[in-house]
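Visitor: Got a structure for you, written out below as structure tokens; questions coming shortly.
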Amino acid sequence: MPKKSRAPSPEYDVVIVGAGVAGSILALELAKQHRRVLVLEAGRSTRDDEDGWRTILDTFYNALAKVPNSPYPPTASAPQPDVLQYNPITPGVPDSAGYFVQHGPQTFSSDYTRSKGGTGLHWLGTTLRMLPSDFRMRSKYGVGADWPIAYEDLKPCYERAEHEIGVAGAVGEQRLPGVNAKRFWGDYQFPMQKLPDSYLARRLAARLDGLKVPLQGKPFPVYVTPTPQGRNSTPNPDYVNPQTGERGFQPVGTPGDPRRGERCMGNASCVPICPVQAKYSPLRTLHKAQALTSEGQPLVRLQCQAVASRVLTDPATGRVTGIEYITYDQNGGPTSTQAVRAKTYVVAAHSVETAKLLLISGLAQQSDQLGRNLMDHPTMMTWGLMPEPVWPFRGPGSTNAIPVFRDGAFRSEHSAFVVPIDNWGWNWCAFAPGAQLGEWVGQGLFGRQLRRRVARDFSRQICLQWEFEQLGEARNRVTIDPRFRDALGLPRPVIHYTISDYVRKAMAAAAGINAAICRQAGIQDCTSYSPNSPGYVEYEGKGYVYRGCGHLVGTHRMGAGPHDSVTDSWMRCWEHPNLYLVGCGAMPTFGTSNPTLTMAALTYRAADSILRDLV
Amino acid sequence: MYFPPETDRQFLVVSAALTGFGEVDLQATGVAEELWNTLVGVVGSAIAGEFLSACEQAVRQSAAPEELEAELARLVIVHPKFGPLARNLITLWYLGQWNALPREWCDAYGSSEADVARVVSSQAYLQGLVWPAFGAHPMGGLPPGFGSWAEPPLRRPSL
């Protein structure tokens, strides 16, 4: 059939760019209200039926480096960053070897995924709500930015997001610093009971009992709590959906197969792939959205391999008049360009891609904040050997964390941090088990001696992740540069990134706390930081290494007015009243919470506003 | 590739000595033939056969396990031709992964375009010995079930 690239586009109520967490939830919420929606996804149509998922799983099994994007390779037309692409940056020489063009001075070492389902395909599943203080960093601690809304404004949206994601957790066991639990939770309970604490975390918690460490002159008790998670556990019979009043919860696993994935089976591979889909992914929400019909016609149309290339506007009014996008057949195959019209437009393409698309289109730039304030959770790891076997590499990536450093007066001086206890030994920090095994075999170990060494060492491996809050800074930003383009001719993201002393000071404090933890728990500390690592930074003469955490936030921040923010608190562009930018990029700060849950909550807020606009 | 019963038996005996696992454990993985073929696919059947014979000689000369280990170390592990093959075979069994042979080895005995680092197959990965060696299961496969992580593994090694 001949291509009709100039054919009149169908009228949609809303066009959404991006089929990740935000795009999927939006599509569902809009279709529930009988709105007609087109979702444009740049990447492939990820297959999630059991057979299709198996092929993705095989890609993962056969990957030498089982990094977050390993099951989800990019297409030539929709390239993506990958953690294997990162190198130390030589001053003055941008590193353009990967998808990003990096100016440094520090390496931005996080990735994301351009496929149906987005980066939500390989998120870990940690669902920490932000703390009330996190929304008021400027007024409370004199640093960062205030949100235009408070925790209380977002609380009902958190509850809706936790229902859609299916959060398992124990409200009563959360001991959040600086938080009035009654006000924070109300009489709320999570949809599912908490996932069992790992044996490893339980042993560490027992050994840390009673430990207090000083921070900025104040003693902090080091306690361990279970982490709420978006993965299937036992349904909570006492759960009441705060929005509908319905009691109970029905988990969903593998699409079309009620026998698989209704509960986590302990595959120990949440990042990058849950083999039974017991971990929430946006594909679940897309299924529901695509099942909704009006007069026999589906309300949501999803088009994959469709790369949004420009947002079109009426210069007189600033209103968006269409989205131009490029479709491609196969890897690098023939392309065609078309445009689609709707009443309201949403870009929910990930922090970096959303900023990139708006920069290409020359829109939303009045405040000069677009693309700026790029944040992550720079993550420093410490690792060692426990004095007893704790049997790691089992269960979800992390079931427990040390939450006490998530808030405190010290935040006027340095970052807050959360410390997940890693259940997978030295897998992330030191490439276990392959790296150590290779070392021992290289030293000539074999036979029973090798087997004994594997048993003794790997059974005692422990790793703590120190995830540091990063504040929005104007210099940390995404830009574009016409000299650097992808296969479709679209500009690639250009990144400037600095780890400030605000973070480095916290790294030094964390190293001290880690030493106290190791002493108390009898852990043989094996941590070492190489000056050759892309994440190597120094503070007061000592070296530390951070990794990217995949938490890319802040590039189209919301705010109180058009002078200092890209959107209002509903995520509507100040300059373009029918254009919404939805995703982690909307957050002015994000404390120590993995951002997916807050992004999902924000999506409900945006959906309410979009529906009001459409009336 | 042809995997005659005699080679199968030899390969299991030698693999058991090199990995510290029993022949029955290795047979139960179902990937022995695939791993042998990987080795042969890179170095050819002549060198692979020589390697197997050298290992088997150590096995034949030893009664007790300690003796066998000393003989293997002497005849195979430090041997310039067989040592790297032994290390690669151990990695094949433990991780399901082939590592590129050292440059010096290739200079001396010939290089092959099949000699690239790779995971041999999904099954070879899933059956990797490293996991059961410390009471775990391969990441992303053979899951032990809901909540199993809250207690020590049912099948755990003596330490």
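By order in the structure tokens, chains are A, B, ...; within a chain, residues start at 1; ligands start at 1, following the order shown.
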As JSON, numbers by chain, please: the residues near region 365-378 of chain A (cut-off 8 Å, only C-alpha atoms, same-chain neighbours under 3 positions excluded).

Guide: {"A": [110, 352, 355, 356, 359, 362, 467, 468, 469, 470, 471, 472, 473, 474, 475, 476, 477, 478, 479, 497, 546, 547, 548, 549, 550, 551, 552, 553, 554, 555, 556, 557, 562, 563, 564, 565, 566, 575, 585, 588, 592]}

Visitor: Could you work out which residues of chain A fall inside 8 Å of chain B? Count only C-alpha atoms, and format the result as a PyMOL selection string.

Guide: chain A and resi 58+61-64+195-200+263-269+273-275+390-395+433-434+438+441-442+444+446-452+454-456+458-459

Visitor: Write the selection just made, keeping C-alpha atoms, as a PDB file, in the first residue's frame?

Guide:
```pdb
ATOM      1  CA  ASP A  58      16.703 -14.969  26.486  1.00  0.00           C
ATOM      2  CA  TYR A  61      20.406 -14.542  29.731  1.00  0.00           C
ATOM      3  CA  ASN A  62      22.748 -14.255  26.781  1.00  0.00           C
ATOM      4  CA  ALA A  63      24.056 -10.781  27.611  1.00  0.00           C
ATOM      5  CA  LEU A  64      27.644 -10.807  28.855  1.00  0.00           C
ATOM      6  CA  LEU A 195       7.348  -8.652  51.031  1.00  0.00           C
ATOM      7  CA  PRO A 196       9.263 -10.700  53.598  1.00  0.00           C
ATOM      8  CA  ASP A 197      12.489  -9.055  54.782  1.00  0.00           C
ATOM      9  CA  SER A 198      15.521 -10.815  53.387  1.00  0.00           C
ATOM     10  CA  TYR A 199      17.540 -13.056  55.689  1.00  0.00           C
ATOM     11  CA  LEU A 200      20.541 -10.887  54.893  1.00  0.00           C
ATOM     12  CA  ARG A 263       3.366 -13.199  43.537  1.00  0.00           C
ATOM     13  CA  CYS A 264       7.090 -12.541  43.427  1.00  0.00           C
ATOM     14  CA  MET A 265       8.860 -15.903  43.058  1.00  0.00           C
ATOM     15  CA  GLY A 266      12.297 -14.648  44.040  1.00  0.00           C
ATOM     16  CA  ASN A 267      13.969 -14.611  40.635  1.00  0.00           C
ATOM     17  CA  ALA A 268      16.477 -12.029  41.899  1.00  0.00           C
ATOM     18  CA  SER A 269      16.562 -10.062  38.647  1.00  0.00           C
ATOM     19  CA  ILE A 273      13.663  -7.992  34.083  1.00  0.00           C
ATOM     20  CA  CYS A 274      11.113  -9.828  36.181  1.00  0.00           C
ATOM     21  CA  PRO A 275      10.668 -13.184  34.401  1.00  0.00           C
ATOM     22  CA  VAL A 390      23.905 -14.299  54.935  1.00  0.00           C
ATOM     23  CA  TRP A 391      23.113 -16.066  51.637  1.00  0.00           C
ATOM     24  CA  PRO A 392      22.827 -13.135  49.222  1.00  0.00           C
ATOM     25  CA  PHE A 393      21.694 -13.143  45.563  1.00  0.00           C
ATOM     26  CA  ARG A 394      18.208 -14.160  46.612  1.00  0.00           C
ATOM     27  CA  GLY A 395      14.923 -12.288  46.576  1.00  0.00           C
ATOM     28  CA  PRO A 433      29.895 -13.252  40.805  1.00  0.00           C
ATOM     29  CA  GLY A 434      31.787 -13.127  37.482  1.00  0.00           C
ATOM     30  CA  GLY A 438      37.489 -14.846  37.198  1.00  0.00           C
ATOM     31  CA  VAL A 441      40.387 -18.993  38.512  1.00  0.00           C
ATOM     32  CA  GLY A 442      43.100 -16.695  37.148  1.00  0.00           C
ATOM     33  CA  GLY A 444      44.992 -20.983  39.706  1.00  0.00           C
ATOM     34  CA  PHE A 446      40.224 -25.044  40.756  1.00  0.00           C
ATOM     35  CA  GLY A 447      38.331 -28.082  41.947  1.00  0.00           C
ATOM     36  CA  ARG A 448      37.216 -28.411  45.538  1.00  0.00           C
ATOM     37  CA  GLN A 449      39.272 -25.413  46.661  1.00  0.00           C
ATOM     38  CA  LEU A 450      37.538 -23.171  44.162  1.00  0.00           C
ATOM     39  CA  ARG A 451      34.140 -24.484  45.120  1.00  0.00           C
ATOM     40  CA  ARG A 452      34.888 -23.864  48.803  1.00  0.00           C
ATOM     41  CA  VAL A 454      32.901 -19.584  46.155  1.00  0.00           C
ATOM     42  CA  ALA A 455      30.779 -20.915  49.015  1.00  0.00           C
ATOM     43  CA  ARG A 456      32.653 -19.063  51.744  1.00  0.00           C
ATOM     44  CA  PHE A 458      29.809 -15.302  48.058  1.00  0.00           C
ATOM     45  CA  SER A 459      27.632 -16.434  50.952  1.00  0.00           C
TER      46      SER A 459
END
```

Visitor: Work out how far CA of Lys343 (chain A) is from CA of Tyr328 (chain A), in Å to one decimal.

Guide: 25.7 Å

Visitor: One number please: CA of Pro258 (chain A) to CA of Lys279 (chain A), in Å, one decimal.

Guide: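 Distance between the two atoms: 14.4 Å.
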
Visitor: Between A:Phe60, A:Arg183, A:Tyr188, A:Arg605, which residue has the minimum interatomic distance to Gly245 (chain A), considering only C-alpha atoms?

Guide: A:Tyr188

Visitor: Which of these, A:Leu614, A:Ala161, A:Ile89, A:Leu40, has the shortest distance to Thr596 (chain A) once you count only C-alpha atoms?

Guide: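 Smallest separation from Thr596 (chain A) among the options: A:Ala161.
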
Visitor: Could you give me, as a PDB file with all heavy atoms, in the first residue's frame, each residue of region 214-407 of chain A that DSSP assigns to alpha helix (DSSP H) when run on this structure's backbone?

Guide:
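Output below, filename part.pdb:
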```pdb
ATOM      1  N   PRO A 282       4.741  -0.645  33.216  1.00  0.00           N
ATOM      2  CA  PRO A 282       3.685   0.122  32.549  1.00  0.00           C
ATOM      3  C   PRO A 282       2.900  -0.707  31.532  1.00  0.00           C
ATOM      4  O   PRO A 282       1.799  -0.326  31.142  1.00  0.00           O
ATOM      5  CB  PRO A 282       4.453   1.246  31.851  1.00  0.00           C
ATOM      6  CG  PRO A 282       5.733   1.360  32.609  1.00  0.00           C
ATOM      7  CD  PRO A 282       6.059  -0.021  33.074  1.00  0.00           C
ATOM      8  N   LEU A 283       3.471  -1.839  31.106  1.00  0.00           N
ATOM      9  CA  LEU A 283       2.761  -2.676  30.134  1.00  0.00           C
ATOM     10  C   LEU A 283       1.413  -3.119  30.697  1.00  0.00           C
ATOM     11  O   LEU A 283       0.419  -3.248  29.977  1.00  0.00           O
ATOM     12  CB  LEU A 283       3.617  -3.896  29.768  1.00  0.00           C
ATOM     13  CG  LEU A 283       4.999  -3.563  29.186  1.00  0.00           C
ATOM     14  CD1 LEU A 283       5.805  -4.836  28.953  1.00  0.00           C
ATOM     15  CD2 LEU A 283       4.870  -2.773  27.887  1.00  0.00           C
ATOM     16  N   ARG A 284       1.380  -3.333  32.006  1.00  0.00           N
ATOM     17  CA  ARG A 284       0.140  -3.719  32.683  1.00  0.00           C
ATOM     18  C   ARG A 284      -0.937  -2.648  32.507  1.00  0.00           C
ATOM     19  O   ARG A 284      -2.094  -2.942  32.198  1.00  0.00           O
ATOM     20  CB  ARG A 284       0.445  -3.849  34.167  1.00  0.00           C
ATOM     21  CG  ARG A 284       0.025  -5.131  34.789  1.00  0.00           C
ATOM     22  CD  ARG A 284       0.255  -5.021  36.281  1.00  0.00           C
ATOM     23  NE  ARG A 284       1.292  -5.934  36.714  1.00  0.00           N
ATOM     24  CZ  ARG A 284       1.810  -5.918  37.949  1.00  0.00           C
ATOM     25  NH1 ARG A 284       1.423  -5.021  38.824  1.00  0.00           N
ATOM     26  NH2 ARG A 284       2.731  -6.777  38.280  1.00  0.00           N
ATOM     27  N   THR A 285      -0.540  -1.409  32.714  1.00  0.00           N
ATOM     28  CA  THR A 285      -1.486  -0.296  32.597  1.00  0.00           C
ATOM     29  C   THR A 285      -1.905  -0.104  31.141  1.00  0.00           C
ATOM     30  O   THR A 285      -3.074   0.170  30.854  1.00  0.00           O
ATOM     31  CB  THR A 285      -0.840   0.982  33.164  1.00  0.00           C
ATOM     32  OG1 THR A 285      -0.444   0.726  34.510  1.00  0.00           O
ATOM     33  CG2 THR A 285      -1.797   2.154  33.133  1.00  0.00           C
ATOM     34  N   LEU A 286      -0.963  -0.285  30.234  1.00  0.00           N
ATOM     35  CA  LEU A 286      -1.290  -0.150  28.805  1.00  0.00           C
ATOM     36  C   LEU A 286      -2.339  -1.173  28.387  1.00  0.00           C
ATOM     37  O   LEU A 286      -3.240  -0.871  27.598  1.00  0.00           O
ATOM     38  CB  LEU A 286      -0.031  -0.317  27.948  1.00  0.00           C
ATOM     39  CG  LEU A 286       0.885   0.905  27.849  1.00  0.00           C
ATOM     40  CD1 LEU A 286       2.178   0.526  27.129  1.00  0.00           C
ATOM     41  CD2 LEU A 286       0.188   2.052  27.102  1.00  0.00           C
ATOM     42  N   HIS A 287      -2.213  -2.395  28.902  1.00  0.00           N
ATOM     43  CA  HIS A 287      -3.209  -3.420  28.590  1.00  0.00           C
ATOM     44  C   HIS A 287      -4.613  -2.954  28.951  1.00  0.00           C
ATOM     45  O   HIS A 287      -5.558  -3.096  28.185  1.00  0.00           O
ATOM     46  CB  HIS A 287      -2.918  -4.712  29.363  1.00  0.00           C
ATOM     47  CG  HIS A 287      -1.997  -5.613  28.643  1.00  0.00           C
ATOM     48  ND1 HIS A 287      -2.396  -6.401  27.598  1.00  0.00           N
ATOM     49  CD2 HIS A 287      -0.682  -5.844  28.793  1.00  0.00           C
ATOM     50  CE1 HIS A 287      -1.363  -7.085  27.138  1.00  0.00           C
ATOM     51  NE2 HIS A 287      -0.314  -6.755  27.850  1.00  0.00           N
ATOM     52  N   LYS A 288      -4.714  -2.418  30.169  1.00  0.00           N
ATOM     53  CA  LYS A 288      -6.028  -1.965  30.626  1.00  0.00           C
ATOM     54  C   LYS A 288      -6.522  -0.830  29.742  1.00  0.00           C
ATOM     55  O   LYS A 288      -7.691  -0.781  29.364  1.00  0.00           O
ATOM     56  CB  LYS A 288      -5.933  -1.482  32.087  1.00  0.00           C
ATOM     57  CG  LYS A 288      -5.792  -2.611  33.078  1.00  0.00           C
ATOM     58  CD  LYS A 288      -6.027  -2.116  34.492  1.00  0.00           C
ATOM     59  CE  LYS A 288      -4.706  -1.806  35.164  1.00  0.00           C
ATOM     60  NZ  LYS A 288      -4.845  -1.397  36.569  1.00  0.00           N
ATOM     61  N   ALA A 289      -5.633   0.088  29.418  1.00  0.00           N
ATOM     62  CA  ALA A 289      -6.030   1.250  28.614  1.00  0.00           C
ATOM     63  C   ALA A 289      -6.492   0.809  27.226  1.00  0.00           C
ATOM     64  O   ALA A 289      -7.501   1.287  26.702  1.00  0.00           O
ATOM     65  CB  ALA A 289      -4.867   2.232  28.508  1.00  0.00           C
ATOM     66  N   GLN A 290      -5.756  -0.142  26.650  1.00  0.00           N
ATOM     67  CA  GLN A 290      -6.072  -0.554  25.278  1.00  0.00           C
ATOM     68  C   GLN A 290      -7.330  -1.420  25.204  1.00  0.00           C
ATOM     69  O   GLN A 290      -7.866  -1.636  24.126  1.00  0.00           O
ATOM     70  CB  GLN A 290      -4.868  -1.277  24.659  1.00  0.00           C
ATOM     71  CG  GLN A 290      -3.709  -0.316  24.394  1.00  0.00           C
ATOM     72  CD  GLN A 290      -2.549  -0.994  23.684  1.00  0.00           C
ATOM     73  OE1 GLN A 290      -1.728  -1.651  24.309  1.00  0.00           O
ATOM     74  NE2 GLN A 290      -2.484  -0.842  22.371  1.00  0.00           N
ATOM     75  N   ALA A 291      -7.776  -1.908  26.353  1.00  0.00           N
ATOM     76  CA  ALA A 291      -8.993  -2.720  26.361  1.00  0.00           C
ATOM     77  C   ALA A 291     -10.255  -1.853  26.393  1.00  0.00           C
ATOM     78  O   ALA A 291     -11.362  -2.357  26.177  1.00  0.00           O
ATOM     79  CB  ALA A 291      -8.975  -3.659  27.573  1.00  0.00           C
ATOM     80  N   SER A 351      12.634  12.475  31.285  1.00  0.00           N
ATOM     81  CA  SER A 351      13.226  13.787  31.586  1.00  0.00           C
ATOM     82  C   SER A 351      14.100  14.321  30.454  1.00  0.00           C
ATOM     83  O   SER A 351      13.962  15.474  30.040  1.00  0.00           O
ATOM     84  CB  SER A 351      14.094  13.708  32.845  1.00  0.00           C
ATOM     85  OG  SER A 351      13.341  13.243  33.930  1.00  0.00           O
ATOM     86  N   VAL A 352      14.990  13.489  29.961  1.00  0.00           N
ATOM     87  CA  VAL A 352      15.947  13.963  28.959  1.00  0.00           C
ATOM     88  C   VAL A 352      15.269  14.124  27.605  1.00  0.00           C
ATOM     89  O   VAL A 352      15.435  15.144  26.923  1.00  0.00           O
ATOM     90  CB  VAL A 352      17.149  12.995  28.861  1.00  0.00           C
ATOM     91  CG1 VAL A 352      18.029  13.345  27.669  1.00  0.00           C
ATOM     92  CG2 VAL A 352      17.948  13.030  30.152  1.00  0.00           C
ATOM     93  N   GLU A 353      14.471  13.142  27.187  1.00  0.00           N
ATOM     94  CA  GLU A 353      13.856  13.199  25.859  1.00  0.00           C
ATOM     95  C   GLU A 353      12.794  14.292  25.782  1.00  0.00           C
ATOM     96  O   GLU A 353      12.614  14.920  24.727  1.00  0.00           O
ATOM     97  CB  GLU A 353      13.263  11.836  25.492  1.00  0.00           C
ATOM     98  CG  GLU A 353      14.295  10.734  25.315  1.00  0.00           C
ATOM     99  CD  GLU A 353      15.279  10.991  24.174  1.00  0.00           C
ATOM    100  OE1 GLU A 353      14.855  11.521  23.123  1.00  0.00           O
ATOM    101  OE2 GLU A 353      16.470  10.687  24.340  1.00  0.00           O
ATOM    102  N   THR A 354      12.072  14.517  26.859  1.00  0.00           N
ATOM    103  CA  THR A 354      11.068  15.582  26.865  1.00  0.00           C
ATOM    104  C   THR A 354      11.744  16.939  26.700  1.00  0.00           C
ATOM    105  O   THR A 354      11.339  17.762  25.866  1.00  0.00           O
ATOM    106  CB  THR A 354      10.242  15.542  28.170  1.00  0.00           C
ATOM    107  OG1 THR A 354       9.484  14.325  28.185  1.00  0.00           O
ATOM    108  CG2 THR A 354       9.297  16.725  28.271  1.00  0.00           C
ATOM    109  N   ALA A 355      12.801  17.162  27.480  1.00  0.00           N
ATOM    110  CA  ALA A 355      13.531  18.430  27.352  1.00  0.00           C
ATOM    111  C   ALA A 355      14.093  18.571  25.944  1.00  0.00           C
ATOM    112  O   ALA A 355      14.015  19.634  25.326  1.00  0.00           O
ATOM    113  CB  ALA A 355      14.646  18.486  28.390  1.00  0.00           C
ATOM    114  N   LYS A 356      14.633  17.475  25.422  1.00  0.00           N
ATOM    115  CA  LYS A 356      15.226  17.498  24.084  1.00  0.00           C
ATOM    116  C   LYS A 356      14.198  17.887  23.025  1.00  0.00           C
ATOM    117  O   LYS A 356      14.454  18.760  22.196  1.00  0.00           O
ATOM    118  CB  LYS A 356      15.812  16.108  23.764  1.00  0.00           C
ATOM    119  CG  LYS A 356      16.623  16.032  22.499  1.00  0.00           C
ATOM    120  CD  LYS A 356      16.927  14.588  22.115  1.00  0.00           C
ATOM    121  CE  LYS A 356      15.841  14.023  21.203  1.00  0.00           C
ATOM    122  NZ  LYS A 356      16.157  12.646  20.730  1.00  0.00           N
ATOM    123  N   LEU A 357      13.022  17.276  23.094  1.00  0.00           N
ATOM    124  CA  LEU A 357      11.982  17.546  22.092  1.00  0.00           C
ATOM    125  C   LEU A 357      11.536  19.011  22.149  1.00  0.00           C
ATOM    126  O   LEU A 357      11.326  19.657  21.116  1.00  0.00           O
ATOM    127  CB  LEU A 357      10.796  16.602  22.304  1.00  0.00           C
ATOM    128  CG  LEU A 357       9.605  16.799  21.364  1.00  0.00           C
ATOM    129  CD1 LEU A 357      10.021  16.601  19.899  1.00  0.00           C
ATOM    130  CD2 LEU A 357       8.472  15.837  21.724  1.00  0.00           C
ATOM    131  N   LEU A 358      11.394  19.530  23.368  1.00  0.00           N
ATOM    132  CA  LEU A 358      10.967  20.927  23.505  1.00  0.00           C
ATOM    133  C   LEU A 358      12.069  21.879  23.048  1.00  0.00           C
ATOM    134  O   LEU A 358      11.796  22.927  22.446  1.00  0.00           O
ATOM    135  CB  LEU A 358      10.571  21.214  24.963  1.00  0.00           C
ATOM    136  CG  LEU A 358       9.140  20.914  25.396  1.00  0.00           C
ATOM    137  CD1 LEU A 358       8.201  21.999  24.887  1.00  0.00           C
ATOM    138  CD2 LEU A 358       8.628  19.556  24.945  1.00  0.00           C
ATOM    139  N   LEU A 359      13.310  21.514  23.306  1.00  0.00           N
ATOM    140  CA  LEU A 359      14.437  22.344  22.850  1.00  0.00           C
ATOM    141  C   LEU A 359      14.496  22.356  21.327  1.00  0.00           C
ATOM    142  O   LEU A 359      14.676  23.406  20.706  1.00  0.00           O
ATOM    143  CB  LEU A 359      15.755  21.827  23.430  1.00  0.00           C
ATOM    144  CG  LEU A 359      15.974  22.089  24.926  1.00  0.00           C
ATOM    145  CD1 LEU A 359      17.120  21.244  25.466  1.00  0.00           C
ATOM    146  CD2 LEU A 359      16.229  23.579  25.196  1.00  0.00           C
ATOM    147  N   ILE A 360      14.299  21.190  20.726  1.00  0.00           N
ATOM    148  CA  ILE A 360      14.291  21.113  19.257  1.00  0.00           C
ATOM    149  C   ILE A 360      13.181  22.008  18.703  1.00  0.00           C
ATOM    150  O   ILE A 360      13.346  22.692  17.691  1.00  0.00           O
ATOM    151  CB  ILE A 360      14.072  19.655  18.789  1.00  0.00           C
ATOM    152  CG1 ILE A 360      15.280  18.786  19.126  1.00  0.00           C
ATOM    153  CG2 ILE A 360      13.764  19.596  17.294  1.00  0.00           C
ATOM    154  CD1 ILE A 360      15.071  17.296  18.870  1.00  0.00           C
ATOM    155  N   SER A 361      12.037  22.019  19.397  1.00  0.00           N
ATOM    156  CA  SER A 361      10.870  22.763  18.916  1.00  0.00           C
ATOM    157  C   SER A 361      10.947  24.255  19.255  1.00  0.00           C
ATOM    158  O   SER A 361      10.108  25.032  18.810  1.00  0.00           O
ATOM    159  CB  SER A 361       9.590  22.163  19.530  1.00  0.00           C
ATOM    160  OG  SER A 361       9.552  20.766  19.344  1.00  0.00           O
TER     161      SER A 361
END
```

Visitor: Rounded to one decimal in Å, what is the spacing between CA of Val271 (chain A) and CA of Gly125 (chain A)?

Guide: 8.7 Å

Visitor: Can you pull out the residues contacting Gln85 (chain A)? Cut-off 6 Å, using only C-alpha atoms, and skip same-chain residues under 2 positions away; I want them as a VMD selection string.

Guide: chain A and resid 82 to 83 98

Visitor: For region 4-7 of chain B, list every protein, DNA or RNA residue within 12 Å, evaluated using only C-alpha atoms, and leave out those in the same chain fewer than 6 positions away; present the list as a list in words.

Guide: Val13, Val14, Ser15, Ala32, Glu33, Trp36, Asn37, Val40, Ser45, Ala48, Gly49, Glu50, Phe51, Leu52, Ser53 and Glu56 of chain B

Visitor: Just to be explicit: take each residue in the selection above, keep N, CA, C and O atoms, and write the result as a compact mmCIF listing (two decimals), in the first residue's frame.

Guide:
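Listing of again13.txt after writing:
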```
# COMPACT_ATOMS: atom_id res chain seq x y z
N VAL B 13 34.53 -36.70 33.75
CA VAL B 13 35.54 -37.00 34.77
C VAL B 13 36.47 -35.81 34.96
O VAL B 13 36.73 -35.34 36.07
N VAL B 14 36.93 -35.29 33.84
CA VAL B 14 37.87 -34.16 33.88
C VAL B 14 37.18 -32.91 34.43
O VAL B 14 37.73 -32.19 35.28
N SER B 15 35.96 -32.66 33.96
CA SER B 15 35.22 -31.48 34.42
C SER B 15 34.96 -31.55 35.92
O SER B 15 35.03 -30.54 36.63
N ALA B 32 26.58 -30.47 29.31
CA ALA B 32 27.95 -30.96 29.12
C ALA B 32 28.34 -30.96 27.63
O ALA B 32 29.40 -30.45 27.25
N GLU B 33 27.48 -31.52 26.81
CA GLU B 33 27.80 -31.63 25.39
C GLU B 33 27.99 -30.24 24.77
O GLU B 33 28.91 -30.01 23.98
N TRP B 36 31.37 -28.84 25.81
CA TRP B 36 32.44 -29.50 25.06
C TRP B 36 32.50 -28.96 23.63
O TRP B 36 33.57 -28.63 23.12
N ASN B 37 31.33 -28.83 23.02
CA ASN B 37 31.29 -28.32 21.65
C ASN B 37 31.80 -26.89 21.56
O ASN B 37 32.38 -26.49 20.55
N VAL B 40 35.57 -27.26 21.58
CA VAL B 40 36.03 -27.79 20.29
C VAL B 40 35.83 -26.75 19.19
O VAL B 40 36.68 -26.58 18.31
N SER B 45 39.17 -30.10 17.45
CA SER B 45 39.04 -31.35 18.20
C SER B 45 40.40 -31.93 18.57
O SER B 45 40.52 -32.64 19.57
N ALA B 48 41.59 -30.01 21.70
CA ALA B 48 40.65 -30.34 22.78
C ALA B 48 40.89 -31.77 23.26
O ALA B 48 40.86 -32.04 24.47
N GLY B 49 41.16 -32.69 22.32
CA GLY B 49 41.43 -34.08 22.68
C GLY B 49 42.72 -34.22 23.48
O GLY B 49 42.78 -34.94 24.49
N GLU B 50 43.77 -33.52 23.04
CA GLU B 50 45.04 -33.51 23.78
C GLU B 50 44.84 -33.04 25.21
O GLU B 50 45.37 -33.60 26.17
N PHE B 51 44.08 -31.97 25.32
CA PHE B 51 43.80 -31.38 26.64
C PHE B 51 43.10 -32.40 27.54
O PHE B 51 43.48 -32.61 28.68
N LEU B 52 42.12 -33.04 26.95
CA LEU B 52 41.34 -34.03 27.71
C LEU B 52 42.26 -35.17 28.17
O LEU B 52 42.19 -35.62 29.31
N SER B 53 43.14 -35.61 27.26
CA SER B 53 44.05 -36.72 27.60
C SER B 53 45.00 -36.32 28.71
O SER B 53 45.26 -37.11 29.63
N GLU B 56 43.13 -36.39 31.85
CA GLU B 56 42.79 -37.76 32.25
C GLU B 56 43.99 -38.52 32.80
O GLU B 56 43.85 -39.35 33.69
```

Visitor: Leaving out Ala409 (chain A) and any residue of its chain fewer than 6 positions from it, which residues lie within 12 Å of it when counting only C-alpha atoms, given as a list in words?

Guide: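 Listed by chain and then number, they are Ser133, Met137, Lys140, Tyr141, Gly142, Val143, Pro177, Gly178, Leu215, Gln216, Gly217, Lys218, Phe220, Ser415 and Ala416 of chain A.
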